[in-house]
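Worksheet: the structure to be examined is printed underneath.
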Amino acid sequence: MTTTQELSLITESFVLNMGPAHPSTHGVFRMRATLDGEVIVDIEPIFGYLHRGIEKLMEERTYTGCIPLTDRLDYVNAMNNNFAYCLAVEKLAGVKVPERGEYIRVITAELQRIGNHCLAIGAMLNDAGALGTPFFYLWRQREKIYDLLEMLCGQRLMQNYMRIGGMSQDMPDEFLPALAKFIPQLDSFMNEFDFFLKQNEILYARAKKVGILPKDVAINCSISGPVARASGIKRDLRKDDPYSIYDRFKFDIPTGEIGDCYDRYRVRIEEMRQSTRILEQAIKQVPGGPFRADVPQVIRPPVGEAYAHVEGPKGELGFYVVSDNSIAPYRCHIRSTSLINLTALRQMVRGWKVADLIIIFGSIDITMGEVDR
Amino acid sequence: MIAALPAKDIVSKLNAKFPGAVEEAGADAVLVKADSLLAVAEYLKTTDNLKFDYLNYVTSIDYYSYFEVIYMLTSLTHNRSVVLKVRCYTRDNPTVPSLAGLYEGANFQEREVYDLMGITFEGHPNMKRIFLWEGFDGYPLRKDWNR
C-alpha cells in the first residue's frame with residue numbers, strides 16, 4: 001500500500017466557512033474552521049450579524065421603556081431577561097417587590113427555563129441527526145408553556161411581563177389550575193422522553209465523550225449555567241447567591257461528571273425536573289395581595305450603579321446599570337451568557353470532526369440575539 | 001449568598017503587597033492604577049485564601065473626563081466577590097493592560113469593550129472589533145459619538 005508520504009503528495013489545510021446562514025448555527029453565527037482533512041485544527045467565531053446596539057438604545061429610553069428591549073436579547077428566554085434587568089433597577093432604586101409579585105416572577109422564570117431547555121435539547125438532538133422527531137415532541141410541551149404565558153400577559157414570545165417593582169398585571173384566576181394540570185403531564189412526558197433517549201445507542205455514539213470541557217478550563221473561560229455544571233462545577237446562582245425568593249424552595253443542582261455533550265444533555269433534563277419541583281412548591285405557596293409595588297412609570301433612581309444577576313437557563317445573566325438621576329439609564333451593560341459561554345468553543349472542538357463541531361456547538365445552547373445584542 | 005469581600009480588607013492586603021497601587025477604595029469596589037492591574041489580578045487569583053478564579057464580567061463606562069473599566073471577580077471556593085476598577089484619563093487611544101492571558105473569559109469581553117468604547121487592551125491576543133465591521137467610524141458607546 002502506498003502512503004501519502006511515498007507519493008509525496010502535498011496536503012494543506014482547508015478553510016471552511018460555516019454560516020452565517022447555516023441551519024445548525026441557531027441564528028446568524030459564522031465560524032471559520034481550518035480543517036486538516038476532516039479534522040478541525042482551529043476555528044474562529046465571527047459575531048455581529050444581529051448586533052442592534054441595544055446597550056446604546058437603552059440609554060435613550062426610560063427605565064420602564066427598556067424592558068421590551070431586554071425581551072429581544074435572548075428571545076427564547078424573555079422572562080429571565082426581564083427578571084435580571086428589573087432586579088438591577090430595583091436594587092438601584094431601592095424598590096421592594098410584594099410577595100405575590102415575587103411568586104409570579106419565580107413561576108414565570110421557571111416555566112421559561114423549561115421552555116428554553118425544550119428548545120436546547122431538541123435543537124441539540126436535531127444537530128446530532130435525530131431530525132425532527134424528539135424536537136417536535138419537545139416543542140409540543142414548549143407550546144403549552146407559551147399558552148400558559150399567553151394567559152398571563154397576552155404575549156407568547158416577547159412577553160414584556162415584568163415591571164420595575166412587580167408585574168404588569170395579575171394572574172388570571174384560571175392560570176394556577178391550568179399550571180397545576182400541566183405539571184403532572186409534563187412529568188410523565190419527561191419520564192417517557194428520558195426513557196427513550198437515556199441509553200439510546202445513537203445518542204451515546206454521537207455525544208458520549210465528545211467535546212469534553214474540563215473543569216479548570218470552564219472556570220478560566222468564565223463558563224456558567226448547565227455547561228459549567230456538566231463539567232462538574234456545582235454552582236447555581238439560585239443557591240449560591242439567592243435572589244428574589246429562591247431561598248424558600250427545595251431543589252437540587254444536577255452536575256455532570258466529565259463535561260461532554262452527553263453530560264450537558266443530562267444536566268438539562270434533570271434541571272427541567274428540578275424546575276417542576278420549584279413550580280409545584282410555588283403553586284401551593286402563592287399569597288394574595290398586590291402584584292406590583294407602587295412605582296411610577298417614570299422613575300429617577302439616585303446616582304449610583306448596581307449589578308444584579310440571575311441564573312438564566314443558559315447561565316449567569318447580569319445587568320450593570322448606572323444612574324445619573326435622570327429618567328434613562330446613563331449606561332447599561334448586559335453580561336451576556338451566550339457570548340461568554342462561546343469562549344471555550346475553540347478549545348472544545350479542536351481535534352474533532354466537522355460533524356462533531358455541529359453537536360458540540362449545539363450542546364452549548366446559545367441565542368444569537370444575546371450574543372450580538 | 002455571595003458575600004462581597006469588604007473593600008477595606010482587600011485594600012489593606014493590596015497596600016501591604018503593592019504600595020501605591022490602590023487609587024481609591026469605595027464601599028464595594030477597589031480602584032487600582034492601570035499599570036498595576038495585571039499584578040493585582042494575578043495576586044487575587046493565585047493567593048490561597050483569596051482565590052478569585054472566576055471573572056464575571058468586564059465592562060466600561062464613559063464619564064466624559066475619564067473612562068472606567070470594571071471587572072468583577074468571584075472566588076468559587078470561598079463564594080466571595082470583589083469589583084476592580086481602572087480609570088483612563090485620556091480620550092485618544094486609552095489603554096489598559098489585558099487580563100485575557102490570566103482569565104480566558106476576558107477574551108471576547110475585552111474585544112467588545114474595544115469595539116464599542118474604544119479602549120485598547122495591551123497584550124490581548126486578538127485585539128480587533130467583535131460586533132461592528134473594520135472601518136466603522138468611531139466607538140458608539142462613547143457619550144460624544146454621533147450617528
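Here's how to read the names in the C-alpha cells: chain A, B, ... by the order shown, residue numbers from 1 in each chain, ligand numbers from 1 in the order shown.
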- Task: Within 7 Å of chain A, which residues of chain B are there when counting only C-alpha atoms? Please give them as a list in words.
- Result: Met1, Ile2, Asp53, Tyr54, Leu55, Asn56, Tyr57, Thr59, Ile61, Tyr103, Glu104, Gly105, Phe108, Ile130, Phe131, Leu132 and Leu141 of chain B
Selected residues written out, C-alpha atoms, as a PDB file, in the first residue's frame:
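Output saved as out-v1.pdb:
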```
ATOM      1  CA  MET B   1     -25.161  34.120  49.405  1.00  0.00           C
ATOM      2  CA  ILE B   2     -22.153  35.563  47.599  1.00  0.00           C
ATOM      3  CA  ASP B  53     -10.570  32.410  39.973  1.00  0.00           C
ATOM      4  CA  TYR B  54     -13.717  33.371  38.092  1.00  0.00           C
ATOM      5  CA  LEU B  55     -14.137  36.561  36.058  1.00  0.00           C
ATOM      6  CA  ASN B  56     -17.827  37.504  35.985  1.00  0.00           C
ATOM      7  CA  TYR B  57     -17.763  40.403  33.588  1.00  0.00           C
ATOM      8  CA  THR B  59     -17.460  46.451  31.240  1.00  0.00           C
ATOM      9  CA  ILE B  61     -18.349  53.448  31.296  1.00  0.00           C
ATOM     10  CA  TYR B 103      -8.642  34.852  32.572  1.00  0.00           C
ATOM     11  CA  GLU B 104      -9.532  33.405  29.169  1.00  0.00           C
ATOM     12  CA  GLY B 105     -13.090  34.612  29.831  1.00  0.00           C
ATOM     13  CA  PHE B 108     -14.365  38.303  23.928  1.00  0.00           C
ATOM     14  CA  ILE B 130     -16.066  41.955  17.501  1.00  0.00           C
ATOM     15  CA  PHE B 131     -19.565  43.156  16.504  1.00  0.00           C
ATOM     16  CA  LEU B 132     -19.000  46.070  14.146  1.00  0.00           C
ATOM     17  CA  LEU B 141     -20.940  53.659  23.388  1.00  0.00           C
TER      18      LEU B 141
END
```
- Task: Pick out each residue of chain B that DSSP on the backbone tags as alpha helix (DSSP H); I need them as a VMD selection string.
- Result: chain B and resid 7 to 17 37 to 46 106 to 117
Produce a file of the selected residues containing C-alpha atoms, as a JSON list (two decimals), in the first residue's frame.
```json
[["chain", "number", "residue", "atom", "x", "y", "z"],
["B", 7, "ALA", "CA", -13.22, 46.57, 50.07],
["B", 8, "LYS", "CA", -11.19, 47.61, 53.13],
["B", 9, "ASP", "CA", -9.98, 44.03, 53.66],
["B", 10, "ILE", "CA", -8.75, 43.81, 50.09],
["B", 11, "VAL", "CA", -7.26, 47.28, 50.26],
["B", 12, "SER", "CA", -5.20, 46.55, 53.36],
["B", 13, "LYS", "CA", -3.87, 43.38, 51.71],
["B", 14, "LEU", "CA", -3.12, 45.18, 48.46],
["B", 15, "ASN", "CA", -1.48, 48.12, 50.22],
["B", 16, "ALA", "CA", 0.86, 45.76, 52.00],
["B", 17, "LYS", "CA", 1.73, 43.88, 48.83],
["B", 37, "LEU", "CA", -3.87, 45.95, 37.36],
["B", 38, "LEU", "CA", -2.28, 42.80, 35.99],
["B", 39, "ALA", "CA", -0.16, 42.22, 39.11],
["B", 40, "VAL", "CA", -3.14, 42.87, 41.40],
["B", 41, "ALA", "CA", -5.39, 40.48, 39.45],
["B", 42, "GLU", "CA", -2.74, 37.79, 39.43],
["B", 43, "TYR", "CA", -2.27, 38.17, 43.18],
["B", 44, "LEU", "CA", -6.05, 37.95, 43.76],
["B", 45, "LYS", "CA", -6.33, 34.90, 41.54],
["B", 46, "THR", "CA", -3.42, 32.87, 42.87],
["B", 106, "ALA", "CA", -11.93, 38.19, 29.26],
["B", 107, "ASN", "CA", -11.07, 37.47, 25.63],
["B", 108, "PHE", "CA", -14.37, 38.30, 23.93],
["B", 109, "GLN", "CA", -15.43, 40.81, 26.57],
["B", 110, "GLU", "CA", -12.32, 42.97, 26.13],
["B", 111, "ARG", "CA", -12.82, 42.89, 22.39],
["B", 112, "GLU", "CA", -16.37, 44.08, 22.99],
["B", 113, "VAL", "CA", -15.15, 46.99, 25.13],
["B", 114, "TYR", "CA", -12.60, 47.86, 22.44],
["B", 115, "ASP", "CA", -15.24, 47.67, 19.71],
["B", 116, "LEU", "CA", -17.89, 49.80, 21.38],
["B", 117, "MET", "CA", -15.92, 52.06, 23.74]]
```
- Message: Can you measure atom CA of Pro184 of chain A to atom CA of Arg277 of chain A for me? One decimal in Å is fine.
- Response: 10.6 Å
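Pairwise distance (atom CA of Gly101 of chain B, atom CA of Pro125 of chain B) equals 8.1 Å.
Looking only at segment 12-185 of chain A, the set that DSSP places in strand (DSSP E) from backbone geometry is Phe14, Val15, Leu16, Asn17, Met18, Arg30, Met31, Arg32, Ala33, Thr34, Leu35, Asp36, Val39, Ile40, Val41, Asp42, Ile43, Glu44, Pro45, Ile46, Met162, Arg163, Gly166 and Met167 of chain A.
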With a distance cut-off of 10 Å and only C-alpha atoms, select the neighbouring residues of Leu73 of chain A, excluding the residue or stretch itself and same-chain residues fewer than 3 positions from it, and output the selection as a PDB file with C-alpha atoms, in the first residue's frame.
```
ATOM      1  CA  ARG A  52     -28.671  46.072  17.146  1.00  0.00           C
ATOM      2  CA  ILE A  54     -29.291  47.501  22.462  1.00  0.00           C
ATOM      3  CA  PRO A  68     -39.176  45.408  25.891  1.00  0.00           C
ATOM      4  CA  LEU A  69     -35.586  45.691  24.664  1.00  0.00           C
ATOM      5  CA  THR A  70     -34.450  43.066  27.162  1.00  0.00           C
ATOM      6  CA  VAL A  76     -36.430  32.164  23.864  1.00  0.00           C
ATOM      7  CA  ASN A  77     -35.977  33.293  27.429  1.00  0.00           C
ATOM      8  CA  ALA A  78     -37.646  36.683  27.700  1.00  0.00           C
ATOM      9  CA  ASN A  81     -34.109  38.787  30.856  1.00  0.00           C
ATOM     10  CA  ASN A  82     -36.900  40.937  32.294  1.00  0.00           C
ATOM     11  CA  MET A 158     -41.653  38.588  23.855  1.00  0.00           C
ATOM     12  CA  ILE A 334     -25.526  43.288  29.705  1.00  0.00           C
ATOM     13  CA  SER A 336     -24.331  38.090  28.016  1.00  0.00           C
ATOM     14  CA  THR A 367     -29.104  32.541  21.193  1.00  0.00           C
ATOM     15  CA  MET A 368     -27.598  34.959  18.737  1.00  0.00           C
ATOM     16  CA  GLY A 369     -29.829  37.782  19.917  1.00  0.00           C
ATOM     17  CA  GLU A 370     -27.960  37.685  23.204  1.00  0.00           C
ATOM     18  CA  VAL A 371     -24.512  37.148  21.717  1.00  0.00           C
ATOM     19  CA  ASP A 372     -24.665  40.173  19.424  1.00  0.00           C
ATOM     20  CA  ARG A 373     -27.146  42.319  21.400  1.00  0.00           C
TER      21      ARG A 373
END
```
- Message: Please compute the atom CA of Lys314 of chain A-atom CA of Ile119 of chain B distance, one decimal, in Å.
- Response: 28.6 Å
- Query: With only C-alpha atoms as the atoms that count, which of B:Asp35, B:Arg91, B:Lys51, B:Asp62 lies nearest to Thr74 of chain B?
  - Reply: B:Lys51
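Closest approach to Gly26 of chain B among A:Arg163, A:Val354, A:Lys250, A:Gly304 is made by A:Gly304 (distances from only C-alpha atoms).
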- Query: Within 9 Å of Pro172 of chain A, counting only C-alpha atoms, which residues qualify if same-chain residues fewer than 4 places away don't, as a PyMOL selection string?
  - Reply: chain A and resi 151-152+176
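Excluding segment 261-264 of chain A itself and same-chain residues fewer than 2 positions from it, the residues having an atom within 7 Å of it are Ala207, Lys208, Val210, Gly211, Pro226, Val227, Ala230, Gly256, Glu257, Gly259, Arg266, Val267, Arg268, Ile360 and Ser363 of chain A, counting only C-alpha atoms.
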Selection from above, C-alpha atoms, as a short mmCIF file (atom, residue, chain, number, x, y, z; two decimals), in the first residue's frame, can you write it?
```cif
data_model
loop_
_atom_site.label_atom_id
_atom_site.label_comp_id
_atom_site.auth_asym_id
_atom_site.auth_seq_id
_atom_site.Cartn_x
_atom_site.Cartn_y
_atom_site.Cartn_z
CA ALA A 207 -22.47 12.60 22.37
CA LYS A 208 -20.60 10.48 24.91
CA VAL A 210 -17.42 14.21 22.62
CA GLY A 211 -16.40 17.82 23.15
CA PRO A 226 -25.70 23.97 32.53
CA VAL A 227 -22.45 23.87 30.53
CA ALA A 230 -21.94 19.47 33.27
CA GLY A 256 -22.18 16.12 35.20
CA GLU A 257 -19.03 14.08 35.56
CA GLY A 259 -18.32 17.61 30.81
CA ARG A 266 -28.38 15.04 31.08
CA VAL A 267 -27.94 18.16 33.19
CA ARG A 268 -30.63 19.96 31.19
CA ILE A 360 -20.68 20.44 20.37
CA SER A 363 -24.80 21.45 23.23
#
```
